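Q: Pasting in a structure now, in structure tokens, and then I'll have a few things to ask.
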Amino acid sequence: MLEYLHYLQRAIGLALMLRPEVAEAVERYPESGRVVLGIVFLAGASMLLGQSVVLIVNRVRPLRFLLSVAVNGLLFIVSGAVWAVALWLAGRWLFAIEPSLGLTLRLVGLSFAPQVFGFLILVPYAGPFIQRVLYTWSLLIAVGAVQFSFKVGFFAGFVCVVLGWLLLWLLTISVGRPIMALHDRLVRRILGTPLDASIQDIVAALAKGERR
């Protein structure tokens, strides 16, 4: 377990620094898939923690809170896999080289490393800016993953990532609608509250609590 945590921490650090060694390690060691799964799971859990103010305002019970963190981590793994497949398909269409799907899945999984710090979006006022920084950081790592997988330059990798995102968006608004609806129902069932509350909703809830 300690060895796994060591490799997990090291992979996150190398990915955050955009170091090419991490991509080479992912290609060389098939067991790196477990480490990448851990990164994506932590990213999903951390991003939900960043929204925990909504959960606190709605007085979500601790057990439900922990369960929702775990479920969001698992959902991140699924969404990351779908995005990686979309990138792989876009890359096959654009470039002559066709890397294995497993390699692309693991490399794209590394792009979630910055979102391990998603809990920081809870910081007042700076939260939205931090969120944009984390997403941009993830985008750059994804471009690097495509560059390594398909042996292309930065611009070509960026175009591939954008096309992959567009393909994922098209899937989401078409055949993915039932899946998104299932996701929303699952979140509501576990938490007893949606996660899309606005700032006005939060302020109103806090004010209501104070009046009590």
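Numbering starts fresh at 1 for the residues of each chain in the structure tokens, the chains themselves are lettered A, B, ... in the order given, and ligands are numbered from 1 as they appear.
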Quick one: everything within 7 Å of segment 3-18 of chain A, counting only C-alpha atoms, minus sequence neighbours fewer than 5 positions away in the same chain. Send it as a list in words.
A: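 Close residues of segment 3-18 of chain A: Val35, Leu110, Ala113, Pro114 and Ile141 of chain A.
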Q: Just want the 9 Å neighbourhood of Val161 of chain A, counted on only C-alpha atoms, with same-chain residues fewer than 4 positions away dropped. Output as a list in words.
A: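 Everything that qualifies: Ala86, Leu87, Ala90, Gly91, Leu139, Ala142, Val143, Val146, Ala156, Gly157, Trp165 and Leu166 of chain A.
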Q: Determine, counting only C-alpha atoms, which protein, DNA and RNA residues have an atom within 7 Å of an atom of segment 36-39 of chain A; residues of the same chain fewer than 3 positions away are not included. Present the result as an MDAnalysis selection string.
A: chainID A and resid 32:33 42:43 77 106 109:110 112:113
Q: Nearest to Ser149 of chain A among A:Val82, A:Val123, A:Ala23, A:Leu63, with distances taken over only C-alpha atoms: which residue is it?
A: A:Ala23
Q: Using only C-alpha atoms, which of the listed residues (A:Ser138, A:Leu48, A:Arg28, A:Phe65) sits closest to Leu120 of chain A?
A: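 Between A:Ser138, A:Leu48, A:Arg28, A:Phe65, the residue approaching Leu120 of chain A most closely is A:Leu48.
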